[in-house]
>>> print(open('upload39.cif').read())   # mmCIF, C-alpha atoms and all ligand atoms
data_model
#
loop_
_atom_site.label_atom_id
_atom_site.label_comp_id
_atom_site.auth_asym_id
_atom_site.auth_seq_id
_atom_site.Cartn_x
_atom_site.Cartn_y
_atom_site.Cartn_z
CA MET A 100 5.94 -6.65 -1.30
CA SER A 101 3.57 -3.68 -0.94
CA GLN A 102 4.93 -0.16 -0.84
CA PRO A 103 4.53 2.23 2.13
CA VAL A 104 1.41 4.36 1.95
CA SER A 105 3.34 7.56 2.61
CA LYS A 106 5.53 8.97 -0.14
CA ASN A 107 7.30 11.50 2.11
CA ILE A 108 9.52 9.17 4.08
CA THR A 109 13.30 8.81 3.88
CA TRP A 110 15.41 6.00 5.35
CA HIS A 111 17.72 7.43 8.03
CA HIS A 112 20.95 5.40 8.13
CA GLY A 113 22.95 5.13 11.34
CA ASN A 114 26.76 5.22 11.35
CA LEU A 115 27.16 2.02 13.36
CA THR A 116 27.48 -1.08 11.20
CA ALA A 117 26.13 -4.49 12.16
CA GLU A 118 29.77 -5.64 12.45
CA ASP A 119 30.57 -2.76 14.84
CA ARG A 120 27.62 -3.67 17.01
CA GLU A 121 28.73 -7.32 17.26
CA LYS A 122 32.29 -6.23 18.10
CA PHE A 123 31.35 -3.71 20.78
CA LEU A 124 28.48 -5.66 22.35
CA LYS A 125 30.19 -9.07 22.10
CA SER A 126 26.85 -10.61 21.22
CA LYS A 127 25.17 -11.58 17.99
CA GLY A 128 21.50 -11.30 17.14
CA CYS A 129 19.45 -13.64 15.00
CA VAL A 130 15.92 -14.93 14.65
CA ILE A 131 15.21 -18.51 15.64
CA TRP A 132 11.86 -19.08 13.96
CA PHE A 133 9.93 -22.05 15.36
CA THR A 134 7.11 -23.36 13.18
CA GLY A 135 4.79 -26.33 13.58
CA LEU A 136 1.33 -27.47 14.55
CA SER A 137 -0.35 -26.35 17.73
CA ALA A 138 1.07 -28.40 20.64
CA SER A 139 4.13 -29.42 18.60
CA GLY A 140 6.31 -27.74 21.24
CA LYS A 141 7.27 -24.34 19.79
CA SER A 142 6.66 -22.34 22.97
CA THR A 143 8.00 -25.00 25.31
CA VAL A 144 11.30 -25.41 23.47
CA ALA A 145 11.67 -21.66 22.80
CA ARG A 146 11.25 -20.89 26.52
CA GLU A 147 13.80 -23.54 27.50
CA VAL A 148 16.33 -22.19 25.00
CA GLU A 149 15.68 -18.63 26.18
CA HIS A 150 16.21 -19.69 29.79
CA ALA A 151 19.47 -21.49 29.04
CA LEU A 152 20.82 -18.55 27.03
CA VAL A 153 19.89 -15.85 29.53
CA GLU A 154 21.28 -17.95 32.39
CA ASN A 155 24.57 -17.80 30.52
CA GLY A 156 24.44 -14.03 30.14
CA ILE A 157 23.30 -14.07 26.51
CA PHE A 158 20.54 -11.66 25.49
CA ALA A 159 17.51 -13.62 24.31
CA THR A 160 13.77 -13.15 24.20
CA VAL A 161 10.67 -15.00 23.00
CA LEU A 162 7.88 -13.60 20.87
CA ASP A 163 4.97 -15.94 21.45
CA GLY A 164 1.80 -16.39 19.42
CA ASP A 165 -0.98 -15.92 21.93
CA ASN A 166 0.87 -13.18 23.81
CA VAL A 167 1.34 -11.09 20.69
CA ARG A 168 -2.35 -11.47 19.88
CA HIS A 169 -3.13 -9.84 23.22
CA GLY A 170 -1.35 -6.64 22.17
CA LEU A 171 0.44 -5.80 18.93
CA ASN A 172 -1.83 -8.04 16.85
CA LYS A 173 -5.05 -7.90 18.82
CA ASP A 174 -6.86 -6.62 15.76
CA LEU A 175 -6.09 -9.82 13.81
CA GLY A 176 -7.99 -13.10 13.59
CA PHE A 177 -7.19 -16.39 11.88
CA SER A 178 -8.34 -15.81 8.31
CA PRO A 179 -5.61 -16.43 5.73
CA ALA A 180 -5.12 -12.65 5.26
CA ASP A 181 -4.91 -12.02 9.01
CA ARG A 182 -2.49 -14.89 9.50
CA THR A 183 -0.26 -13.41 6.81
CA GLU A 184 -0.42 -9.95 8.39
CA ASN A 185 0.28 -11.49 11.81
CA ILE A 186 3.47 -13.09 10.54
CA ARG A 187 4.49 -9.99 8.56
CA ARG A 188 4.36 -7.82 11.69
CA ILE A 189 6.12 -10.44 13.84
CA GLY A 190 8.82 -10.73 11.20
CA GLU A 191 9.40 -6.98 11.20
CA VAL A 192 9.52 -6.86 15.01
CA ALA A 193 11.75 -9.92 15.28
CA ASN A 194 14.15 -8.42 12.74
CA LEU A 195 14.34 -5.16 14.72
CA ILE A 196 15.04 -7.00 17.97
CA ALA A 197 17.67 -9.18 16.30
CA GLN A 198 19.33 -6.03 14.92
CA ALA A 199 19.80 -4.98 18.55
CA ASN A 200 21.95 -8.14 18.95
CA VAL A 201 19.36 -10.16 20.80
CA ILE A 202 18.66 -13.81 20.01
CA THR A 203 14.99 -13.58 19.13
CA LEU A 204 13.00 -16.78 19.39
CA THR A 205 9.57 -16.75 17.77
CA ALA A 206 6.87 -19.32 18.51
CA PHE A 207 4.09 -19.06 15.94
CA ILE A 208 2.36 -21.81 13.99
CA SER A 209 3.14 -19.69 10.90
CA PRO A 210 1.46 -22.21 8.60
CA TYR A 211 2.23 -20.61 5.25
CA LYS A 212 5.57 -21.21 3.58
CA GLU A 213 5.37 -17.97 1.64
CA ASP A 214 4.90 -15.89 4.81
CA ARG A 215 7.92 -17.47 6.47
CA ASP A 216 9.99 -17.00 3.33
CA THR A 217 9.00 -13.32 3.31
CA VAL A 218 10.46 -12.95 6.81
CA ARG A 219 13.59 -14.85 5.76
CA ALA A 220 14.03 -12.44 2.84
CA LEU A 221 13.79 -9.48 5.20
CA MET A 222 16.81 -10.59 7.18
CA PRO A 223 20.52 -10.71 6.37
CA LYS A 224 21.67 -14.12 5.10
CA GLY A 225 22.22 -16.62 7.90
CA LYS A 226 20.29 -14.61 10.47
CA PHE A 227 16.99 -16.43 9.99
CA ILE A 228 17.05 -19.91 11.42
CA GLU A 229 13.91 -21.89 10.72
CA VAL A 230 13.13 -24.64 13.23
CA LEU A 231 10.47 -27.18 12.35
CA CYS A 232 8.82 -28.71 15.40
CA ASP A 233 8.02 -31.96 13.66
CA ALA A 234 5.42 -33.77 15.74
CA SER A 235 2.59 -35.63 14.02
CA LEU A 236 -0.98 -34.40 14.16
CA GLU A 237 -1.84 -37.52 16.15
CA VAL A 238 0.72 -36.68 18.86
CA CYS A 239 -0.28 -33.01 18.99
CA GLU A 240 -3.94 -33.88 19.21
CA LYS A 241 -3.27 -36.37 21.98
CA ARG A 242 -1.32 -33.75 23.97
CA ASP A 243 -3.84 -30.98 23.37
CA PRO A 244 -2.58 -28.90 26.36
CA LYS A 245 -5.02 -26.05 25.67
CA GLY A 246 -7.98 -28.24 24.68
CA LEU A 247 -7.97 -26.60 21.25
CA TYR A 248 -8.05 -29.78 19.13
CA LYS A 249 -11.07 -30.98 21.08
CA LYS A 250 -12.86 -27.72 20.35
CA ALA A 251 -11.76 -27.76 16.71
CA ARG A 252 -13.05 -31.32 16.22
CA ALA A 253 -16.34 -30.24 17.78
CA GLY A 254 -16.55 -27.47 15.17
CA GLN A 255 -16.11 -24.73 17.78
CA ILE A 256 -12.90 -23.31 16.28
CA PRO A 257 -13.05 -22.61 12.55
CA GLU A 258 -9.88 -22.57 10.45
CA PHE A 259 -7.85 -24.61 12.92
CA THR A 260 -4.42 -25.59 11.55
CA GLY A 261 -4.15 -29.31 10.86
CA ILE A 262 -7.89 -29.87 11.15
CA SER A 263 -9.68 -27.33 8.98
CA ALA A 264 -6.81 -25.11 7.81
CA PRO A 265 -3.57 -26.12 6.06
CA TYR A 266 -0.06 -26.39 7.48
CA GLU A 267 2.77 -26.06 4.96
CA ALA A 268 5.92 -27.58 6.44
CA PRO A 269 9.24 -25.97 5.44
CA GLU A 270 11.19 -27.85 2.78
CA ASN A 271 14.68 -26.92 3.96
CA PRO A 272 14.54 -25.77 7.57
CA GLU A 273 17.88 -25.19 9.31
CA ILE A 274 16.76 -27.45 12.17
CA VAL A 275 14.20 -30.25 12.39
CA LEU A 276 13.22 -31.20 15.93
CA LYS A 277 11.46 -34.51 16.36
CA THR A 278 9.40 -33.06 19.18
CA GLY A 279 6.92 -35.93 19.05
CA GLU A 280 9.60 -38.44 19.95
CA GLN A 281 12.43 -36.57 21.65
CA THR A 282 12.56 -35.33 25.20
CA LEU A 283 12.37 -31.59 25.77
CA GLU A 284 16.00 -31.65 26.88
CA GLU A 285 17.10 -33.24 23.58
CA SER A 286 15.15 -30.69 21.52
CA THR A 287 16.55 -27.82 23.57
CA ARG A 288 20.12 -29.11 23.27
CA GLU A 289 19.85 -29.31 19.46
CA VAL A 290 18.87 -25.66 19.21
CA LEU A 291 21.53 -24.54 21.69
CA ASP A 292 24.20 -26.48 19.78
CA TYR A 293 23.17 -24.77 16.54
CA ILE A 294 23.26 -21.34 18.18
CA SER A 295 26.68 -22.00 19.68
CA LYS A 296 28.10 -22.48 16.16
CA LEU A 297 26.72 -19.23 14.73
N1 LIG B 301 10.36 -32.74 22.97
C1 LIG B 301 9.38 -31.90 23.30
N2 LIG B 301 9.47 -30.62 22.91
C2 LIG B 301 8.48 -29.76 23.21
N3 LIG B 301 7.36 -30.06 23.88
C3 LIG B 301 7.22 -31.31 24.30
C4 LIG B 301 8.21 -32.28 24.03
N4 LIG B 301 7.79 -33.44 24.55
C5 LIG B 301 6.60 -33.20 25.12
N5 LIG B 301 6.25 -31.92 24.99
C6 LIG B 301 4.97 -31.32 25.48
O1 LIG B 301 4.19 -30.91 24.35
C7 LIG B 301 3.43 -29.74 24.64
C8 LIG B 301 3.80 -28.65 23.65
O2 LIG B 301 2.99 -27.51 23.89
P1 LIG B 301 3.40 -26.03 23.43
O3 LIG B 301 2.44 -25.11 24.11
O4 LIG B 301 4.85 -25.81 23.63
O5 LIG B 301 3.10 -26.11 21.87
P2 LIG B 301 3.05 -24.93 20.79
O6 LIG B 301 3.69 -25.50 19.58
O7 LIG B 301 3.62 -23.68 21.35
O8 LIG B 301 1.49 -24.79 20.53
P3 LIG B 301 0.62 -23.47 20.15
O9 LIG B 301 0.81 -23.24 18.68
O10 LIG B 301 -0.80 -23.90 20.47
O11 LIG B 301 1.07 -22.33 21.00
C9 LIG B 301 3.77 -29.36 26.07
O12 LIG B 301 2.76 -29.85 26.92
C10 LIG B 301 5.12 -30.05 26.31
O13 LIG B 301 5.32 -30.34 27.66
MG MG B 302 2.76 -21.79 21.78
#
>>> encode(input="upload39.cif", output="structure tokens", more="lines below")
Ligand SMILES: Nc1ncnc2c1ncn2[C@@H]1O[C@H](COP(=O)(O)OP(=O)(O)OP(=O)(O)O)[C@@H](O)[C@H]1O
Ligand SMILES: [Mg+2]
Amino acid sequence: MSQPVSKNITWHHGNLTAEDREKFLKSKGCVIWFTGLSASGKSTVAREVEHALVENGIFATVLDGDNVRHGLNKDLGFSPADRTENIRRIGEVANLIAQANVITLTAFISPYKEDRDTVRALMPKGKFIEVLCDASLEVCEKRDPKGLYKKARAGQIPEFTGISAPYEAPENPEIVLKTGEQTLEESTREVLDYISKL
């Protein structure tokens, strides 16, 4: 990993441990990292999980691909280098939010295995939960809720994941959701069940 540009920076440690925070706040943070093709269901499932958690008084939030590209990452495109930088920044932000004991759900295609593994390595063991939204390209393309596949097939979107850019599925994700076959309720329940055992 690259080093900070500045040499005159010192890490300032707090005197509140992660264990203290969990004890006092009675809530645990983690990152639930959804990955999968466009239209595989990352945002839809993440929003449902967020809703169910918050309804039960549990702090949760979603970091969503397009939304983040409107602000924090508006300077980034879809080249391999920009995609990597996109995920690096999201990983840093997600880790910070999780450290504040919030269940942080991220919904990014995040096509590169190495980029996701970099985020995993940033976090304490067990705090990064990778969720593969495993719907086939055929299903995703048929859904095409944003009309993106149609544009990509017409050559109007270069470097589109699954069509003209690669997607590297995780080898050992904590959760695999068969979002091409299951109902939204079933996918949501699987994630909530996993969270309830953390
Ligand atoms: N089991 C399921 N889980 C999630 N979504 C489902 C499921 N079954 C059907 N869908 C539908 O599939 C579509 C998934 O779209 P969604 O925007 O959530 O995908 P995404 O992975 O976030 O895509 P993008 O990367 O483009 O943001 C929605 O229209 C949703 O209603
Ligand atoms: Mg989405």
>>> closest_residue(input="upload39.cif", among="A:Asp163, A:Asp214, A:Glu267, A:Glu147", to="ligand MG 302 (chain B)", atoms="only C-alpha atoms and all ligand atoms")
A:Asp163
>>> closest_residue(input="upload39.cif", among="A:His112, A:Lys245, A:Arg182, A:Lys125", to="ligand MG 302 (chain B)", atoms="only C-alpha atoms and all ligand atoms")
A:Lys245
>>> atom_distance(input="upload39.cif", atom1="CA of Pro223 (chain A)", atom2="CA of Lys173 (chain A)")
28.6 Å
>>> residues_near_ligand(input="upload39.cif", ligand="ligand MG 302 (chain B)", cutoff="6 Å", atoms="only C-alpha atoms and all ligand atoms", output="compact mmCIF listing (two decimals) with C-alpha atoms, in the coordinates of the input")
# COMPACT_ATOMS: atom_id res chain seq x y z
CA LYS A 141 7.27 -24.34 19.79
CA SER A 142 6.66 -22.34 22.97
CA GLY A 164 1.80 -16.39 19.42
CA ALA A 206 6.87 -19.32 18.51
>>> axis_aligned_box(input="upload39.cif", around="ligand LIG 301 (chain B)", padding_each_side="5 Å", output="JSON")
{"center_x": 4.8, "center_y": -27.9, "center_z": 23.2, "size_x": 21.2, "size_y": 21.1, "size_z": 19.0}
>>> closest_atom_pairs(input="upload39.cif", of="chain A", to="ligand LIG 301 (chain B)", cutoff="7 Å", atoms="all atoms listed in the file", output="CSV")
residue,atom,partner,partner_atom,distance
A:Gly135,CA,B:LIG301,O6,6.2
A:Leu136,CA,B:LIG301,O6,5.9
A:Ser137,CA,B:LIG301,O9,3.5
A:Ala138,CA,B:LIG301,O5,3.3
A:Ser139,CA,B:LIG301,O6,4.1
A:Gly140,CA,B:LIG301,O4,3.4
A:Lys141,CA,B:LIG301,O6,3.8
A:Ser142,CA,B:LIG301,O7,3.7
A:Thr143,CA,B:LIG301,O4,3.7
A:Val144,CA,B:LIG301,C2,5.2
A:Gly164,CA,B:LIG301,O11,6.2
A:Asp165,CA,B:LIG301,O11,6.8
A:Ala206,CA,B:LIG301,O7,6.1
A:Phe207,CA,B:LIG301,O9,6.0
A:Ile208,CA,B:LIG301,O9,5.1
A:Arg242,CA,B:LIG301,O1,6.2
A:Pro244,CA,B:LIG301,O12,5.5
A:Lys277,CA,B:LIG301,N1,6.9
A:Thr278,CA,B:LIG301,N1,3.9
A:Gly279,CA,B:LIG301,N4,6.1
A:Glu280,CA,B:LIG301,N1,6.5
A:Gln281,CA,B:LIG301,N1,4.5
A:Thr282,CA,B:LIG301,N1,4.1
A:Leu283,CA,B:LIG301,N1,3.6
A:Glu284,CA,B:LIG301,N1,6.9
A:Glu285,CA,B:LIG301,N1,6.8
A:Ser286,CA,B:LIG301,N1,5.4
>>> atom_distance(input="upload39.cif", atom1="CA of Leu204 (chain A)", atom2="CA of Pro179 (chain A)")
23.1 Å
>>> residues_around(input="upload39.cif", residues="Phe227 (chain A)", least_positions_apart="4", cutoff="9 Å", atoms="all atoms listed in the file", output="list in words")
Cys129, Val130, Ile131, Trp132, Asn194, Val218, Arg219, Ala220, Met222, Pro223 and Glu273 of chain A
>>> residues_around(input="upload39.cif", residues="Glu240 (chain A)", least_positions_apart="6", cutoff="12 Å", atoms="all atoms listed in the file", output="ChimeraX atom specification")
/A:136-139,234,246-252,259-262,279
>>> write_last_selection(input="upload39.cif", atoms="C-alpha atoms", output="short mmCIF file (atom, residue, chain, number, x, y, z; two decimals), in the frame of the given file")
data_model
loop_
_atom_site.label_atom_id
_atom_site.label_comp_id
_atom_site.auth_asym_id
_atom_site.auth_seq_id
_atom_site.Cartn_x
_atom_site.Cartn_y
_atom_site.Cartn_z
CA LEU A 136 1.33 -27.47 14.55
CA SER A 137 -0.35 -26.35 17.73
CA ALA A 138 1.07 -28.40 20.64
CA SER A 139 4.13 -29.42 18.60
CA ALA A 234 5.42 -33.77 15.74
CA GLY A 246 -7.98 -28.24 24.68
CA LEU A 247 -7.97 -26.60 21.25
CA TYR A 248 -8.05 -29.78 19.13
CA LYS A 249 -11.07 -30.98 21.08
CA LYS A 250 -12.86 -27.72 20.35
CA ALA A 251 -11.76 -27.76 16.71
CA ARG A 252 -13.05 -31.32 16.22
CA PHE A 259 -7.85 -24.61 12.92
CA THR A 260 -4.42 -25.59 11.55
CA GLY A 261 -4.15 -29.31 10.86
CA ILE A 262 -7.89 -29.87 11.15
CA GLY A 279 6.92 -35.93 19.05
#
>>> atom_distance(input="upload39.cif", atom1="CA of Ala159 (chain A)", atom2="CA of Ser235 (chain A)")
28.5 Å
>>> closest_residue(input="upload39.cif", among="A:Leu162, A:Ala197, A:Val167, A:Val192", to="Ala117 (chain A)", atoms="only C-alpha atoms")
A:Ala197
>>> closest_residue(input="upload39.cif", among="A:Ser178, A:Lys241, A:Gly170, A:His150", to="Ser263 (chain A)", atoms="all atoms listed in the file")
A:Ser178
>>> residues_near_point(input="upload39.cif", point="(16.3, -21.7, 17.6)", cutoff="9 Å", atoms="all atoms listed in the file", output="CSV table (one decimal) with C-alpha atoms, in the coordinates of the input")
chain,number,residue,atom,x,y,z
A,130,VAL,CA,15.9,-14.9,14.6
A,131,ILE,CA,15.2,-18.5,15.6
A,132,TRP,CA,11.9,-19.1,14.0
A,133,PHE,CA,9.9,-22.0,15.4
A,144,VAL,CA,11.3,-25.4,23.5
A,145,ALA,CA,11.7,-21.7,22.8
A,148,VAL,CA,16.3,-22.2,25.0
A,202,ILE,CA,18.7,-13.8,20.0
A,203,THR,CA,15.0,-13.6,19.1
A,204,LEU,CA,13.0,-16.8,19.4
A,205,THR,CA,9.6,-16.8,17.8
A,228,ILE,CA,17.0,-19.9,11.4
A,229,GLU,CA,13.9,-21.9,10.7
A,230,VAL,CA,13.1,-24.6,13.2
A,274,ILE,CA,16.8,-27.4,12.2
A,287,THR,CA,16.6,-27.8,23.6
A,289,GLU,CA,19.8,-29.3,19.5
A,290,VAL,CA,18.9,-25.7,19.2
A,291,LEU,CA,21.5,-24.5,21.7
A,293,TYR,CA,23.2,-24.8,16.5
A,294,ILE,CA,23.3,-21.3,18.2
